[in-house]
Amino acid sequence: MKILLDIDGVMIPARPWQTYELGSDGFGMFNKMAVINLNQIITSCRNPEIILTTSHKHSFTLKQWQDIFSNRGVLPTQISRLDSNSSVMSRKDEILNWCLKNQIDNFIVIDDDKGLNSMDSVFKEDHLILTNPTIGLNKIATEDAILKIEKLENLVSK
């Protein structure tokens with residue numbers, strides 16, 4: 001299962017009125033509940049892989065991202081990222097390009113970008129978990145993600 005994951009507004013709540021703590025690696029610390037919730041999502045699926053969609057995705061090497069996630073308590077899992085966004089596409093277009101390139105159905109998208117609401121209804125129903133940016137990955141979004149994962153993995157295994 002591919003987990004296309006944003007960071008700001010998902011793992012780090014986006015609260016412009018509040019500064020967030022930086023880790024010794026120079027990246028923001030994840031919200032503790034978001035880590036617990038992401039770990040639940042990871043353990044709920046077969047062969048999980050996190051694919052970073054965040055605007056920070058090329059700020060660090062994949063090894064550094066592994067360390068960032070590990071240092072914040074996220075369960076070990078494969079991490080990759082979307083291609084560089086040199087043409088400054090919207091998140092929606094980046095994800096659509098990834099979908100066209102990969103032609104798979106066993107993925108979810110966890111993001112706070114409201115522009116993803118303009119995706120078709122099937123995409124939203126089957127793949128999209130839209131978080132509230134000031135809250136991040138909460139229990140409701142996690143339960144939604146797990147239900148979608150179960151449905152998608154059942155379809156793939158048939």
# chains A, B, ... in the order shown; residues from 1 in each chain; ligands from 1
>>> select_by_dssp(residues="chain A", states="alpha helix (DSSP H)", output="PyMOL selection string")
chain A and resi 32-43+62-71+91-102+121-127+139-157
>>> atom_distance(atom1="CA of Arg91 in chain A", atom2="CA of Leu5 in chain A")
11.3 Å
>>> residues_around(residues="Ser70 in chain A", least_positions_apart="4", cutoff="12 Å", atoms="only C-alpha atoms", output="PyMOL selection string")
chain A and resi 23+25+29-30+35+39+63-66+74-79
>>> closest_residue(among="A:Ile149, A:Ile140, A:Ile41, A:Ile135", to="Arg15 in chain A", atoms="only C-alpha atoms")
A:Ile135
>>> closest_residue(among="A:Met1, A:Ile110, A:Asp93, A:Leu128", to="Ile42 in chain A", atoms="only C-alpha atoms")
A:Met1
>>> select_by_dssp(residues="chain A", states="strand (DSSP E)", output="list in words")
Lys2, Ile3, Leu4, Leu5, Glu49, Ile50, Ile51, Leu52, Gln78, Ile79, Ser80, Arg81, Phe107, Ile108, Val109, Ile110, Asp111, Leu128, Ile129 and Leu130 of chain A
>>> write_last_selection(atoms="C-alpha atoms", output="compact mmCIF listing (two decimals), in the first residue's frame")
# COMPACT_ATOMS: atom_id res chain seq x y z
CA LYS A 2 1.35 3.38 -1.01
CA ILE A 3 0.72 6.21 1.44
CA LEU A 4 1.15 9.56 -0.32
CA LEU A 5 1.90 11.77 2.66
CA GLU A 49 5.46 2.62 1.58
CA ILE A 50 5.37 6.30 2.40
CA ILE A 51 5.65 8.51 -0.66
CA LEU A 52 6.36 12.09 0.36
CA GLN A 78 10.09 2.30 2.97
CA ILE A 79 10.14 6.00 2.07
CA SER A 80 10.23 7.52 -1.39
CA ARG A 81 8.99 10.82 -2.81
CA PHE A 107 -2.77 3.93 -2.54
CA ILE A 108 -4.17 6.57 -0.24
CA VAL A 109 -3.40 10.28 -0.11
CA ILE A 110 -3.18 12.00 3.28
CA ASP A 111 -3.05 15.75 2.77
CA LEU A 128 -8.29 10.80 -0.26
CA ILE A 129 -7.97 11.53 3.44
CA LEU A 130 -8.19 15.29 3.81
>>> closest_atom_pairs(of="range 1-108 of chain A", to="range 114-126 of chain A", cutoff="12 Å", atoms="only C-alpha atoms", output="Markdown table")
| residue | atom | partner | partner_atom | distance |
| --- | --- | --- | --- | --- |
| A:Gly9 | CA | A:Lys114 | CA | 11.0 |
| A:Met89 | CA | A:Gly115 | CA | 11.8 |
| A:Ser90 | CA | A:Gly115 | CA | 8.0 |
| A:Arg91 | CA | A:Leu116 | CA | 7.5 |
| A:Lys92 | CA | A:Leu116 | CA | 5.4 |
| A:Asp93 | CA | A:Leu116 | CA | 9.2 |
| A:Glu94 | CA | A:Leu116 | CA | 10.6 |
| A:Ile95 | CA | A:Leu116 | CA | 9.1 |
| A:Leu96 | CA | A:Met119 | CA | 9.0 |
| A:Cys99 | CA | A:Phe123 | CA | 10.5 |
| A:Asp105 | CA | A:Asp126 | CA | 9.0 |
| A:Asn106 | CA | A:Asp126 | CA | 9.5 |
| A:Phe107 | CA | A:Asp126 | CA | 8.9 |
| A:Ile108 | CA | A:Asp126 | CA | 7.7 |
>>> closest_residue(among="A:Ser59, A:Asn71, A:Asn37, A:Asn154", to="Leu137 in chain A", atoms="only C-alpha atoms")
A:Asn37
>>> atom_distance(atom1="CA of Asp67 in chain A", atom2="CA of Thr53 in chain A")
17.4 Å
>>> atom_distance(atom1="CA of Lys151 in chain A", atom2="CA of Thr131 in chain A")
19.9 Å
>>> closest_residue(among="A:Thr61, A:Ser24, A:Gln18, A:Ser44", to="Lys148 in chain A", atoms="only C-alpha atoms")
A:Ser44
>>> closest_residue(among="A:Leu82, A:Ser87, A:Asn31, A:Thr134", to="Trp17 in chain A", atoms="only C-alpha atoms")
A:Thr134
>>> residues_around(residues="Met33 in chain A", least_positions_apart="6", cutoff="9 Å", atoms="only C-alpha atoms", output="PDB file with C-alpha atoms, in the first residue's frame")
ATOM      1  CA  MET A  11       2.157  15.483  10.690  1.00  0.00           C
ATOM      2  CA  GLY A 136      -3.398  17.357  11.418  1.00  0.00           C
ATOM      3  CA  LEU A 137      -3.749  13.571  11.293  1.00  0.00           C
ATOM      4  CA  ASN A 138      -6.358  12.909  13.947  1.00  0.00           C
ATOM      5  CA  LYS A 139      -8.320   9.817  14.974  1.00  0.00           C
TER       6      LYS A 139
END
>>> decode(residues="range 17-62 of chain A", atoms="N, CA and C atoms", output="compact mmCIF listing (two decimals), in the first residue's frame")
# COMPACT_ATOMS: atom_id res chain seq x y z
N TRP A 17 -0.06 31.11 14.04
CA TRP A 17 0.08 31.90 15.24
C TRP A 17 1.02 31.27 16.25
N GLN A 18 1.54 30.10 15.94
CA GLN A 18 2.34 29.33 16.89
C GLN A 18 3.61 28.83 16.20
N THR A 19 4.74 28.95 16.88
CA THR A 19 5.97 28.37 16.31
C THR A 19 6.01 26.89 16.68
N TYR A 20 6.68 26.11 15.87
CA TYR A 20 6.79 24.70 16.21
C TYR A 20 8.24 24.36 16.49
N GLU A 21 8.40 23.31 17.28
CA GLU A 21 9.71 22.86 17.72
C GLU A 21 10.47 22.20 16.58
N LEU A 22 11.75 22.54 16.45
CA LEU A 22 12.62 21.90 15.47
C LEU A 22 13.40 20.78 16.14
N GLY A 23 13.60 19.70 15.40
CA GLY A 23 14.44 18.62 15.88
C GLY A 23 15.90 18.96 15.65
N SER A 24 16.80 18.16 16.17
CA SER A 24 18.23 18.40 16.00
C SER A 24 18.65 18.29 14.53
N ASP A 25 17.79 17.67 13.71
CA ASP A 25 18.06 17.53 12.28
C ASP A 25 17.62 18.75 11.48
N GLY A 26 17.03 19.74 12.18
CA GLY A 26 16.62 20.97 11.51
C GLY A 26 15.22 20.94 10.93
N PHE A 27 14.50 19.83 11.13
CA PHE A 27 13.13 19.73 10.62
C PHE A 27 12.16 19.76 11.79
N GLY A 28 10.94 20.21 11.54
CA GLY A 28 9.93 20.32 12.59
C GLY A 28 9.58 18.98 13.22
N MET A 29 9.30 19.03 14.50
CA MET A 29 8.89 17.82 15.21
C MET A 29 7.44 17.51 14.87
N PHE A 30 7.15 16.22 14.68
CA PHE A 30 5.80 15.79 14.36
C PHE A 30 4.94 15.84 15.62
N ASN A 31 3.66 16.09 15.42
CA ASN A 31 2.69 16.02 16.50
C ASN A 31 2.63 14.57 17.00
N LYS A 32 2.67 14.40 18.31
CA LYS A 32 2.74 13.04 18.88
C LYS A 32 1.52 12.19 18.51
N MET A 33 0.33 12.79 18.50
CA MET A 33 -0.86 12.02 18.11
C MET A 33 -0.83 11.66 16.63
N ALA A 34 -0.28 12.55 15.81
CA ALA A 34 -0.16 12.25 14.38
C ALA A 34 0.76 11.05 14.17
N VAL A 35 1.82 10.96 14.97
CA VAL A 35 2.74 9.81 14.87
C VAL A 35 2.02 8.52 15.25
N ILE A 36 1.29 8.55 16.35
CA ILE A 36 0.52 7.37 16.78
C ILE A 36 -0.45 6.96 15.69
N ASN A 37 -1.14 7.95 15.12
CA ASN A 37 -2.13 7.67 14.08
C ASN A 37 -1.48 7.14 12.80
N LEU A 38 -0.36 7.74 12.39
CA LEU A 38 0.34 7.25 11.20
C LEU A 38 0.82 5.82 11.43
N ASN A 39 1.31 5.53 12.63
CA ASN A 39 1.76 4.16 12.93
C ASN A 39 0.59 3.17 12.83
N GLN A 40 -0.61 3.58 13.24
CA GLN A 40 -1.78 2.72 13.10
C GLN A 40 -2.07 2.46 11.62
N ILE A 41 -1.95 3.49 10.81
CA ILE A 41 -2.18 3.34 9.37
C ILE A 41 -1.14 2.39 8.77
N ILE A 42 0.12 2.60 9.15
CA ILE A 42 1.20 1.75 8.63
C ILE A 42 0.96 0.28 8.98
N THR A 43 0.57 0.01 10.23
CA THR A 43 0.39 -1.38 10.65
C THR A 43 -0.90 -2.00 10.08
N SER A 44 -1.79 -1.17 9.56
CA SER A 44 -3.04 -1.69 9.02
C SER A 44 -2.92 -2.16 7.58
N CYS A 45 -1.77 -1.93 6.94
CA CYS A 45 -1.68 -2.29 5.52
C CYS A 45 -0.50 -3.21 5.24
N ARG A 46 -0.64 -3.93 4.12
CA ARG A 46 0.42 -4.82 3.66
C ARG A 46 1.45 -4.01 2.89
N ASN A 47 2.70 -4.29 3.11
CA ASN A 47 3.80 -3.65 2.39
C ASN A 47 3.66 -2.13 2.30
N PRO A 48 3.60 -1.46 3.44
CA PRO A 48 3.42 -0.01 3.39
C PRO A 48 4.66 0.71 2.83
N GLU A 49 4.41 1.74 2.08
CA GLU A 49 5.46 2.62 1.58
C GLU A 49 4.95 4.04 1.67
N ILE A 50 5.71 4.88 2.34
CA ILE A 50 5.37 6.30 2.40
C ILE A 50 6.00 6.98 1.20
N ILE A 51 5.17 7.71 0.46
CA ILE A 51 5.65 8.51 -0.66
C ILE A 51 5.40 9.97 -0.28
N LEU A 52 6.48 10.70 -0.08
CA LEU A 52 6.36 12.09 0.36
C LEU A 52 5.83 12.97 -0.76
N THR A 53 4.80 13.74 -0.44
CA THR A 53 4.25 14.71 -1.38
C THR A 53 4.52 16.14 -0.91
N THR A 54 5.03 16.27 0.28
CA THR A 54 5.28 17.57 0.89
C THR A 54 6.17 18.46 0.04
N SER A 55 6.01 19.74 0.19
CA SER A 55 6.89 20.68 -0.52
C SER A 55 8.33 20.56 -0.04
N HIS A 56 8.55 19.91 1.09
CA HIS A 56 9.90 19.70 1.64
C HIS A 56 10.56 18.43 1.11
N LYS A 57 9.88 17.70 0.23
CA LYS A 57 10.32 16.34 -0.15
C LYS A 57 11.74 16.25 -0.68
N HIS A 58 12.25 17.31 -1.29
CA HIS A 58 13.62 17.27 -1.82
C HIS A 58 14.58 18.11 -0.98
N SER A 59 14.16 18.50 0.21
CA SER A 59 15.03 19.25 1.13
C SER A 59 16.02 18.33 1.84
N PHE A 60 15.73 17.03 1.83
CA PHE A 60 16.57 16.04 2.49
C PHE A 60 16.72 14.83 1.59
N THR A 61 17.79 14.08 1.79
CA THR A 61 17.96 12.82 1.06
C THR A 61 16.96 11.81 1.62
N LEU A 62 16.77 10.72 0.90
CA LEU A 62 15.86 9.68 1.40
C LEU A 62 16.38 9.07 2.70
